[in-house]
$ cat query10.txt   # compact mmCIF, N, CA, C and O atoms
# COMPACT_ATOMS: atom_id res chain seq x y z
N MET A 623 -6.79 34.63 9.92
CA MET A 623 -7.40 33.34 9.75
C MET A 623 -6.53 32.24 10.33
O MET A 623 -6.50 31.13 9.84
N ASP A 624 -5.85 32.52 11.40
CA ASP A 624 -4.95 31.56 12.02
C ASP A 624 -5.68 30.40 12.68
O ASP A 624 -5.10 29.35 12.88
N ASN A 625 -6.92 30.57 13.06
CA ASN A 625 -7.64 29.55 13.81
C ASN A 625 -8.46 28.61 12.93
O ASN A 625 -9.30 27.88 13.44
N PHE A 626 -8.23 28.61 11.63
CA PHE A 626 -8.96 27.72 10.73
C PHE A 626 -8.52 26.28 10.96
O PHE A 626 -7.34 25.96 10.98
N VAL A 627 -9.50 25.39 11.17
CA VAL A 627 -9.22 23.96 11.37
C VAL A 627 -9.94 23.19 10.26
O VAL A 627 -11.17 23.22 10.18
N PRO A 628 -9.18 22.48 9.39
CA PRO A 628 -9.84 21.71 8.33
C PRO A 628 -10.69 20.59 8.93
O PRO A 628 -10.30 19.95 9.90
N ARG A 629 -11.87 20.40 8.36
CA ARG A 629 -12.78 19.38 8.84
C ARG A 629 -13.05 18.37 7.74
O ARG A 629 -13.07 18.72 6.57
N ARG A 630 -13.24 17.13 8.13
CA ARG A 630 -13.56 16.05 7.21
C ARG A 630 -14.72 15.26 7.76
O ARG A 630 -14.99 15.27 8.95
N ARG A 631 -15.40 14.52 6.89
CA ARG A 631 -16.57 13.74 7.28
C ARG A 631 -16.21 12.26 7.36
O ARG A 631 -15.60 11.70 6.45
N CYS A 632 -16.61 11.63 8.46
CA CYS A 632 -16.40 10.19 8.65
C CYS A 632 -17.29 9.43 7.67
O CYS A 632 -18.48 9.73 7.53
N ILE A 633 -16.73 8.42 7.00
CA ILE A 633 -17.50 7.65 6.02
C ILE A 633 -18.50 6.70 6.67
O ILE A 633 -19.37 6.17 6.00
N ALA A 634 -18.41 6.50 7.97
CA ALA A 634 -19.32 5.60 8.67
C ALA A 634 -20.47 6.37 9.32
O ALA A 634 -21.62 6.19 8.96
N CYS A 635 -20.15 7.25 10.25
CA CYS A 635 -21.20 7.95 11.01
C CYS A 635 -21.61 9.27 10.37
O CYS A 635 -22.59 9.89 10.80
N MET A 636 -20.86 9.72 9.37
CA MET A 636 -21.14 10.94 8.61
C MET A 636 -21.04 12.22 9.44
O MET A 636 -21.53 13.25 9.04
N GLN A 637 -20.36 12.17 10.58
CA GLN A 637 -20.15 13.36 11.38
C GLN A 637 -18.92 14.10 10.88
O GLN A 637 -17.91 13.49 10.53
N SER A 638 -19.01 15.41 10.86
CA SER A 638 -17.89 16.24 10.46
C SER A 638 -17.05 16.56 11.69
O SER A 638 -17.57 17.02 12.70
N LYS A 639 -15.74 16.27 11.60
CA LYS A 639 -14.83 16.46 12.73
C LYS A 639 -13.54 17.08 12.24
O LYS A 639 -13.23 17.02 11.05
N PRO A 640 -12.75 17.65 13.15
CA PRO A 640 -11.43 18.15 12.74
C PRO A 640 -10.59 17.03 12.13
O PRO A 640 -10.63 15.88 12.57
N LYS A 641 -9.87 17.37 11.10
CA LYS A 641 -9.11 16.40 10.32
C LYS A 641 -8.16 15.57 11.18
O LYS A 641 -7.99 14.38 10.96
N ASP A 642 -7.55 16.19 12.20
CA ASP A 642 -6.57 15.47 13.01
C ASP A 642 -7.19 14.46 13.98
O ASP A 642 -6.49 13.67 14.60
N GLU A 643 -8.53 14.43 14.10
CA GLU A 643 -9.21 13.46 14.95
C GLU A 643 -9.62 12.20 14.20
O GLU A 643 -10.11 11.25 14.79
N LEU A 644 -9.43 12.19 12.88
CA LEU A 644 -9.87 11.08 12.05
C LEU A 644 -8.68 10.31 11.48
O LEU A 644 -7.59 10.85 11.33
N LEU A 645 -8.92 9.05 11.16
CA LEU A 645 -7.93 8.23 10.47
C LEU A 645 -8.14 8.38 8.97
O LEU A 645 -9.28 8.45 8.50
N ARG A 646 -7.05 8.43 8.21
CA ARG A 646 -7.16 8.59 6.76
C ARG A 646 -6.70 7.31 6.07
O ARG A 646 -5.65 6.76 6.41
N PHE A 647 -7.48 6.87 5.11
CA PHE A 647 -7.13 5.73 4.27
C PHE A 647 -7.00 6.25 2.86
O PHE A 647 -7.94 6.82 2.32
N SER A 648 -5.83 6.08 2.26
CA SER A 648 -5.64 6.55 0.89
C SER A 648 -6.09 5.49 -0.09
O SER A 648 -5.96 4.29 0.17
N ILE A 649 -6.61 5.94 -1.21
CA ILE A 649 -7.04 5.06 -2.28
C ILE A 649 -5.88 4.96 -3.26
O ILE A 649 -5.43 5.96 -3.80
N GLN A 650 -5.39 3.74 -3.46
CA GLN A 650 -4.20 3.50 -4.28
C GLN A 650 -4.32 4.15 -5.67
O GLN A 650 -5.32 3.96 -6.35
N GLY A 651 -3.31 4.92 -6.03
CA GLY A 651 -3.22 5.46 -7.38
C GLY A 651 -4.03 6.71 -7.66
O GLY A 651 -3.80 7.36 -8.66
N SER A 652 -4.97 7.07 -6.80
CA SER A 652 -5.81 8.22 -7.12
C SER A 652 -5.44 9.47 -6.34
O SER A 652 -5.84 10.57 -6.70
N GLY A 653 -4.73 9.31 -5.23
CA GLY A 653 -4.38 10.46 -4.41
C GLY A 653 -5.51 10.93 -3.52
O GLY A 653 -5.38 11.90 -2.79
N ARG A 654 -6.64 10.25 -3.58
CA ARG A 654 -7.78 10.62 -2.75
C ARG A 654 -7.78 9.77 -1.48
O ARG A 654 -7.11 8.76 -1.40
N GLY A 655 -8.53 10.19 -0.50
CA GLY A 655 -8.55 9.45 0.75
C GLY A 655 -9.93 9.34 1.34
O GLY A 655 -10.84 10.08 0.97
N LYS A 656 -10.07 8.41 2.27
CA LYS A 656 -11.29 8.22 3.04
C LYS A 656 -10.94 8.52 4.49
O LYS A 656 -9.86 8.17 4.95
N TYR A 657 -11.85 9.13 5.20
CA TYR A 657 -11.63 9.45 6.60
C TYR A 657 -12.64 8.70 7.45
O TYR A 657 -13.80 8.56 7.07
N ILE A 658 -12.18 8.24 8.62
CA ILE A 658 -13.04 7.48 9.51
C ILE A 658 -12.65 7.82 10.95
O ILE A 658 -11.47 8.05 11.25
N CYS A 659 -13.65 7.84 11.84
CA CYS A 659 -13.39 8.09 13.26
C CYS A 659 -12.47 7.00 13.83
O CYS A 659 -12.49 5.87 13.37
N ASN A 660 -11.73 7.38 14.82
CA ASN A 660 -10.78 6.45 15.43
C ASN A 660 -11.46 5.69 16.58
O ASN A 660 -11.06 5.78 17.73
N ASN A 661 -12.54 4.96 16.26
CA ASN A 661 -13.18 4.12 17.26
C ASN A 661 -13.73 2.86 16.59
O ASN A 661 -14.02 2.84 15.39
N GLN A 662 -13.86 1.82 17.37
CA GLN A 662 -14.25 0.51 16.85
C GLN A 662 -15.64 0.52 16.23
O GLN A 662 -15.87 -0.14 15.22
N ALA A 663 -16.57 1.27 16.82
CA ALA A 663 -17.95 1.30 16.31
C ALA A 663 -18.00 1.83 14.87
O ALA A 663 -18.68 1.26 14.01
N CYS A 664 -17.27 2.89 14.59
CA CYS A 664 -17.26 3.45 13.24
C CYS A 664 -16.56 2.54 12.25
O CYS A 664 -16.99 2.41 11.11
N ILE A 665 -15.49 1.89 12.69
CA ILE A 665 -14.79 0.96 11.80
C ILE A 665 -15.70 -0.20 11.42
O ILE A 665 -15.82 -0.55 10.25
N GLU A 666 -16.40 -0.77 12.40
CA GLU A 666 -17.32 -1.87 12.12
C GLU A 666 -18.49 -1.43 11.25
O GLU A 666 -18.91 -2.15 10.35
N LEU A 667 -19.00 -0.22 11.49
CA LEU A 667 -20.11 0.30 10.68
C LEU A 667 -19.66 0.54 9.23
O LEU A 667 -20.39 0.22 8.29
N ALA A 668 -18.46 1.06 9.04
CA ALA A 668 -17.94 1.28 7.68
C ALA A 668 -17.77 -0.03 6.93
O ALA A 668 -18.07 -0.11 5.74
N ILE A 669 -17.33 -1.08 7.63
CA ILE A 669 -17.20 -2.39 7.00
C ILE A 669 -18.57 -2.94 6.66
O ILE A 669 -18.79 -3.46 5.56
N LYS A 670 -19.52 -2.80 7.57
CA LYS A 670 -20.88 -3.30 7.35
C LYS A 670 -21.53 -2.60 6.15
O LYS A 670 -22.21 -3.23 5.35
N LYS A 671 -21.32 -1.28 6.03
CA LYS A 671 -21.89 -0.51 4.93
C LYS A 671 -21.07 -0.64 3.64
O LYS A 671 -21.38 -0.01 2.64
N LYS A 672 -19.98 -1.41 3.71
CA LYS A 672 -19.09 -1.64 2.57
C LYS A 672 -18.46 -0.36 2.04
O LYS A 672 -18.24 -0.18 0.85
N ARG A 673 -18.15 0.54 2.96
CA ARG A 673 -17.45 1.77 2.59
C ARG A 673 -15.95 1.62 2.74
O ARG A 673 -15.18 2.44 2.24
N ILE A 674 -15.56 0.58 3.45
CA ILE A 674 -14.15 0.23 3.60
C ILE A 674 -14.11 -1.28 3.79
O ILE A 674 -15.05 -1.87 4.31
N ASN A 675 -13.04 -1.90 3.32
CA ASN A 675 -12.95 -3.35 3.52
C ASN A 675 -11.80 -3.69 4.44
O ASN A 675 -10.95 -2.86 4.75
N ARG A 676 -11.77 -4.92 4.89
CA ARG A 676 -10.74 -5.35 5.85
C ARG A 676 -9.34 -5.25 5.25
O ARG A 676 -8.38 -4.98 5.95
N GLU A 677 -9.23 -5.43 3.95
CA GLU A 677 -7.93 -5.32 3.29
C GLU A 677 -7.38 -3.90 3.43
O GLU A 677 -6.18 -3.71 3.66
N ASP A 678 -8.24 -2.90 3.31
CA ASP A 678 -7.80 -1.51 3.51
C ASP A 678 -7.24 -1.32 4.92
O ASP A 678 -6.23 -0.64 5.11
N LEU A 679 -7.92 -1.92 5.90
CA LEU A 679 -7.45 -1.80 7.28
C LEU A 679 -6.09 -2.46 7.46
O LEU A 679 -5.21 -1.92 8.12
N LEU A 680 -5.93 -3.64 6.88
CA LEU A 680 -4.65 -4.34 7.00
C LEU A 680 -3.53 -3.58 6.32
O LEU A 680 -2.43 -3.47 6.85
N ASN A 681 -3.81 -3.03 5.13
CA ASN A 681 -2.80 -2.25 4.42
C ASN A 681 -2.42 -0.99 5.18
O ASN A 681 -1.26 -0.61 5.24
N ALA A 682 -3.40 -0.33 5.78
CA ALA A 682 -3.14 0.87 6.56
C ALA A 682 -2.29 0.53 7.77
O ALA A 682 -1.36 1.26 8.12
N ASN A 683 -2.58 -0.59 8.40
CA ASN A 683 -1.81 -1.02 9.57
C ASN A 683 -0.37 -1.35 9.18
O ASN A 683 0.56 -1.00 9.90
N LYS A 684 -0.16 -1.98 8.03
CA LYS A 684 1.19 -2.30 7.58
C LYS A 684 1.98 -1.03 7.28
O LYS A 684 3.14 -0.93 7.63
N ARG A 685 1.35 -0.03 6.64
CA ARG A 685 2.03 1.22 6.33
C ARG A 685 2.41 1.97 7.60
O ARG A 685 3.45 2.56 7.71
N GLU A 686 1.51 1.92 8.60
CA GLU A 686 1.74 2.64 9.85
C GLU A 686 2.88 1.99 10.64
O GLU A 686 3.70 2.68 11.22
N ASN A 687 2.93 0.67 10.65
CA ASN A 687 3.93 -0.05 11.43
C ASN A 687 5.22 -0.35 10.66
O ASN A 687 6.22 -0.70 11.24
N GLY A 688 5.16 -0.26 9.34
CA GLY A 688 6.28 -0.72 8.56
C GLY A 688 7.10 0.32 7.98
O GLY A 688 8.20 0.37 7.70

$ encode --input "query10.txt" --output "structure tokens"
Amino acid sequence: MDNFVPRRRCIACMQSKPKDELLRFSIQGSGRGKYICNNQACIELAIKKKRINREDLLNANKRENG
């Protein structure tokens, strides 16, 4: 079973993709995460559908750069 690739679903477009192709946003204190495609269209759609907010994006950017 060496070729098993974990898959996750994007919260915006609902497509299932390999885990390493998606961005992960952790939910503070719960240990759970949200996954989203690494493209502007999915990010904007997730914000529009209120599945992620701009604060989550800013916090993720600070953790990545800081």

$ residues_around --input "query10.txt" --residues "region 659-664 of chain A" --least-positions-apart "5" --cutoff "5 Å" --atoms "only N, CA, C and O atoms" --output "list in words"
Cys632, Ala634, Glu643, Leu644, Leu645 and Ile669 of chain A

$ closest_residue --input "query10.txt" --among "A:Gly653, A:Ile633, A:Leu680, A:Ser638" --to "Ala668 (chain A)" --atoms "all atoms listed in the file"
A:Ile633

$ atom_distance --input "query10.txt" --atom1 "CA of Asp642 (chain A)" --atom2 "CA of Arg654 (chain A)"
16.5 Å

$ atom_distance --input "query10.txt" --atom1 "atom C of Ser648 (chain A)" --atom2 "CA of Val627 (chain A)"
22.0 Å

$ closest_residue --input "query10.txt" --among "A:Met636, A:Lys641, A:Phe647, A:Ser652" --to "Asn675 (chain A)" --atoms "only C-alpha atoms"
A:Phe647

$ atom_distance --input "query10.txt" --atom1 "atom N of Tyr657 (chain A)" --atom2 "CA of Ile674 (chain A)"
9.3 Å

$ select_by_dssp --input "query10.txt" --residues "chain A" --states "helix (DSSP H, G or I)" --output "ChimeraX atom specification"
/A:641-643,662-670,676-687

$ select_by_dssp --input "query10.txt" --residues "chain A" --states "strand (DSSP E)" --output "list in words"
Arg629, Arg630, Arg631, Ser638, Lys639, Pro640, Leu644, Leu645, Arg646, Phe647, Ser648, Gly655, Lys656, Tyr657, Ile658 and Cys659 of chain A

$ build_atoms --input "query10.txt" --residues "region 643-654 of chain A" --atoms "all heavy atoms" --output "PDB file, in the coordinates of the input"
ATOM      1  N   GLU A 643      -8.530  14.430  14.100  1.00  0.00           N
ATOM      2  CA  GLU A 643      -9.210  13.460  14.950  1.00  0.00           C
ATOM      3  C   GLU A 643      -9.620  12.200  14.200  1.00  0.00           C
ATOM      4  O   GLU A 643     -10.110  11.250  14.790  1.00  0.00           O
ATOM      5  CB  GLU A 643     -10.466  14.076  15.577  1.00  0.00           C
ATOM      6  CG  GLU A 643     -10.186  15.146  16.605  1.00  0.00           C
ATOM      7  CD  GLU A 643     -11.443  15.709  17.205  1.00  0.00           C
ATOM      8  OE1 GLU A 643     -12.519  15.084  17.075  1.00  0.00           O
ATOM      9  OE2 GLU A 643     -11.350  16.787  17.818  1.00  0.00           O
ATOM     10  N   LEU A 644      -9.430  12.190  12.880  1.00  0.00           N
ATOM     11  CA  LEU A 644      -9.870  11.080  12.050  1.00  0.00           C
ATOM     12  C   LEU A 644      -8.680  10.310  11.480  1.00  0.00           C
ATOM     13  O   LEU A 644      -7.590  10.850  11.330  1.00  0.00           O
ATOM     14  CB  LEU A 644     -10.729  11.602  10.892  1.00  0.00           C
ATOM     15  CG  LEU A 644     -11.996  12.342  11.287  1.00  0.00           C
ATOM     16  CD1 LEU A 644     -12.615  13.006  10.074  1.00  0.00           C
ATOM     17  CD2 LEU A 644     -12.977  11.421  11.943  1.00  0.00           C
ATOM     18  N   LEU A 645      -8.920   9.050  11.160  1.00  0.00           N
ATOM     19  CA  LEU A 645      -7.930   8.230  10.470  1.00  0.00           C
ATOM     20  C   LEU A 645      -8.140   8.380   8.970  1.00  0.00           C
ATOM     21  O   LEU A 645      -9.280   8.450   8.500  1.00  0.00           O
ATOM     22  CB  LEU A 645      -8.094   6.758  10.846  1.00  0.00           C
ATOM     23  CG  LEU A 645      -7.941   6.399  12.311  1.00  0.00           C
ATOM     24  CD1 LEU A 645      -8.262   4.927  12.515  1.00  0.00           C
ATOM     25  CD2 LEU A 645      -6.558   6.720  12.804  1.00  0.00           C
ATOM     26  N   ARG A 646      -7.050   8.430   8.210  1.00  0.00           N
ATOM     27  CA  ARG A 646      -7.160   8.590   6.760  1.00  0.00           C
ATOM     28  C   ARG A 646      -6.700   7.310   6.070  1.00  0.00           C
ATOM     29  O   ARG A 646      -5.650   6.760   6.410  1.00  0.00           O
ATOM     30  CB  ARG A 646      -6.294   9.743   6.269  1.00  0.00           C
ATOM     31  CG  ARG A 646      -6.395   9.959   4.776  1.00  0.00           C
ATOM     32  CD  ARG A 646      -5.542  11.150   4.359  1.00  0.00           C
ATOM     33  NE  ARG A 646      -5.774  11.482   2.976  1.00  0.00           N
ATOM     34  CZ  ARG A 646      -5.086  10.978   1.955  1.00  0.00           C
ATOM     35  NH1 ARG A 646      -4.128  10.113   2.172  1.00  0.00           N
ATOM     36  NH2 ARG A 646      -5.358  11.340   0.727  1.00  0.00           N
ATOM     37  N   PHE A 647      -7.480   6.870   5.110  1.00  0.00           N
ATOM     38  CA  PHE A 647      -7.130   5.730   4.270  1.00  0.00           C
ATOM     39  C   PHE A 647      -7.000   6.250   2.860  1.00  0.00           C
ATOM     40  O   PHE A 647      -7.940   6.820   2.320  1.00  0.00           O
ATOM     41  CB  PHE A 647      -8.216   4.640   4.316  1.00  0.00           C
ATOM     42  CG  PHE A 647      -8.345   4.015   5.673  1.00  0.00           C
ATOM     43  CD1 PHE A 647      -9.227   4.520   6.599  1.00  0.00           C
ATOM     44  CD2 PHE A 647      -7.572   2.927   6.009  1.00  0.00           C
ATOM     45  CE1 PHE A 647      -9.342   3.945   7.846  1.00  0.00           C
ATOM     46  CE2 PHE A 647      -7.677   2.347   7.250  1.00  0.00           C
ATOM     47  CZ  PHE A 647      -8.564   2.864   8.178  1.00  0.00           C
ATOM     48  N   SER A 648      -5.830   6.080   2.260  1.00  0.00           N
ATOM     49  CA  SER A 648      -5.640   6.550   0.890  1.00  0.00           C
ATOM     50  C   SER A 648      -6.090   5.490  -0.090  1.00  0.00           C
ATOM     51  O   SER A 648      -5.960   4.290   0.170  1.00  0.00           O
ATOM     52  CB  SER A 648      -4.188   6.937   0.643  1.00  0.00           C
ATOM     53  OG  SER A 648      -3.358   5.835   0.823  1.00  0.00           O
ATOM     54  N   ILE A 649      -6.610   5.940  -1.210  1.00  0.00           N
ATOM     55  CA  ILE A 649      -7.040   5.060  -2.280  1.00  0.00           C
ATOM     56  C   ILE A 649      -5.880   4.960  -3.260  1.00  0.00           C
ATOM     57  O   ILE A 649      -5.430   5.960  -3.800  1.00  0.00           O
ATOM     58  CB  ILE A 649      -8.314   5.593  -2.965  1.00  0.00           C
ATOM     59  CG1 ILE A 649      -9.436   5.727  -1.942  1.00  0.00           C
ATOM     60  CG2 ILE A 649      -8.726   4.695  -4.108  1.00  0.00           C
ATOM     61  CD1 ILE A 649     -10.644   6.473  -2.465  1.00  0.00           C
ATOM     62  N   GLN A 650      -5.390   3.740  -3.460  1.00  0.00           N
ATOM     63  CA  GLN A 650      -4.200   3.500  -4.280  1.00  0.00           C
ATOM     64  C   GLN A 650      -4.320   4.150  -5.670  1.00  0.00           C
ATOM     65  O   GLN A 650      -5.320   3.960  -6.350  1.00  0.00           O
ATOM     66  CB  GLN A 650      -3.979   1.998  -4.460  1.00  0.00           C
ATOM     67  CG  GLN A 650      -3.660   1.272  -3.187  1.00  0.00           C
ATOM     68  CD  GLN A 650      -2.190   1.348  -2.831  1.00  0.00           C
ATOM     69  OE1 GLN A 650      -1.364   1.614  -3.695  1.00  0.00           O
ATOM     70  NE2 GLN A 650      -1.872   1.139  -1.575  1.00  0.00           N
ATOM     71  N   GLY A 651      -3.310   4.920  -6.030  1.00  0.00           N
ATOM     72  CA  GLY A 651      -3.220   5.460  -7.380  1.00  0.00           C
ATOM     73  C   GLY A 651      -4.030   6.710  -7.660  1.00  0.00           C
ATOM     74  O   GLY A 651      -3.800   7.360  -8.660  1.00  0.00           O
ATOM     75  N   SER A 652      -4.970   7.070  -6.800  1.00  0.00           N
ATOM     76  CA  SER A 652      -5.810   8.220  -7.120  1.00  0.00           C
ATOM     77  C   SER A 652      -5.440   9.470  -6.340  1.00  0.00           C
ATOM     78  O   SER A 652      -5.840  10.570  -6.700  1.00  0.00           O
ATOM     79  CB  SER A 652      -7.286   7.889  -6.871  1.00  0.00           C
ATOM     80  OG  SER A 652      -7.524   7.790  -5.484  1.00  0.00           O
ATOM     81  N   GLY A 653      -4.730   9.310  -5.230  1.00  0.00           N
ATOM     82  CA  GLY A 653      -4.380  10.460  -4.410  1.00  0.00           C
ATOM     83  C   GLY A 653      -5.510  10.930  -3.520  1.00  0.00           C
ATOM     84  O   GLY A 653      -5.380  11.900  -2.790  1.00  0.00           O
ATOM     85  N   ARG A 654      -6.640  10.250  -3.580  1.00  0.00           N
ATOM     86  CA  ARG A 654      -7.780  10.620  -2.750  1.00  0.00           C
ATOM     87  C   ARG A 654      -7.780   9.770  -1.480  1.00  0.00           C
ATOM     88  O   ARG A 654      -7.110   8.760  -1.400  1.00  0.00           O
ATOM     89  CB  ARG A 654      -9.085  10.429  -3.508  1.00  0.00           C
ATOM     90  CG  ARG A 654      -9.170  11.329  -4.738  1.00  0.00           C
ATOM     91  CD  ARG A 654     -10.496  11.225  -5.432  1.00  0.00           C
ATOM     92  NE  ARG A 654     -11.592  11.516  -4.557  1.00  0.00           N
ATOM     93  CZ  ARG A 654     -12.155  12.713  -4.401  1.00  0.00           C
ATOM     94  NH1 ARG A 654     -11.680  13.731  -5.060  1.00  0.00           N
ATOM     95  NH2 ARG A 654     -13.180  12.875  -3.597  1.00  0.00           N
TER      96      ARG A 654
END
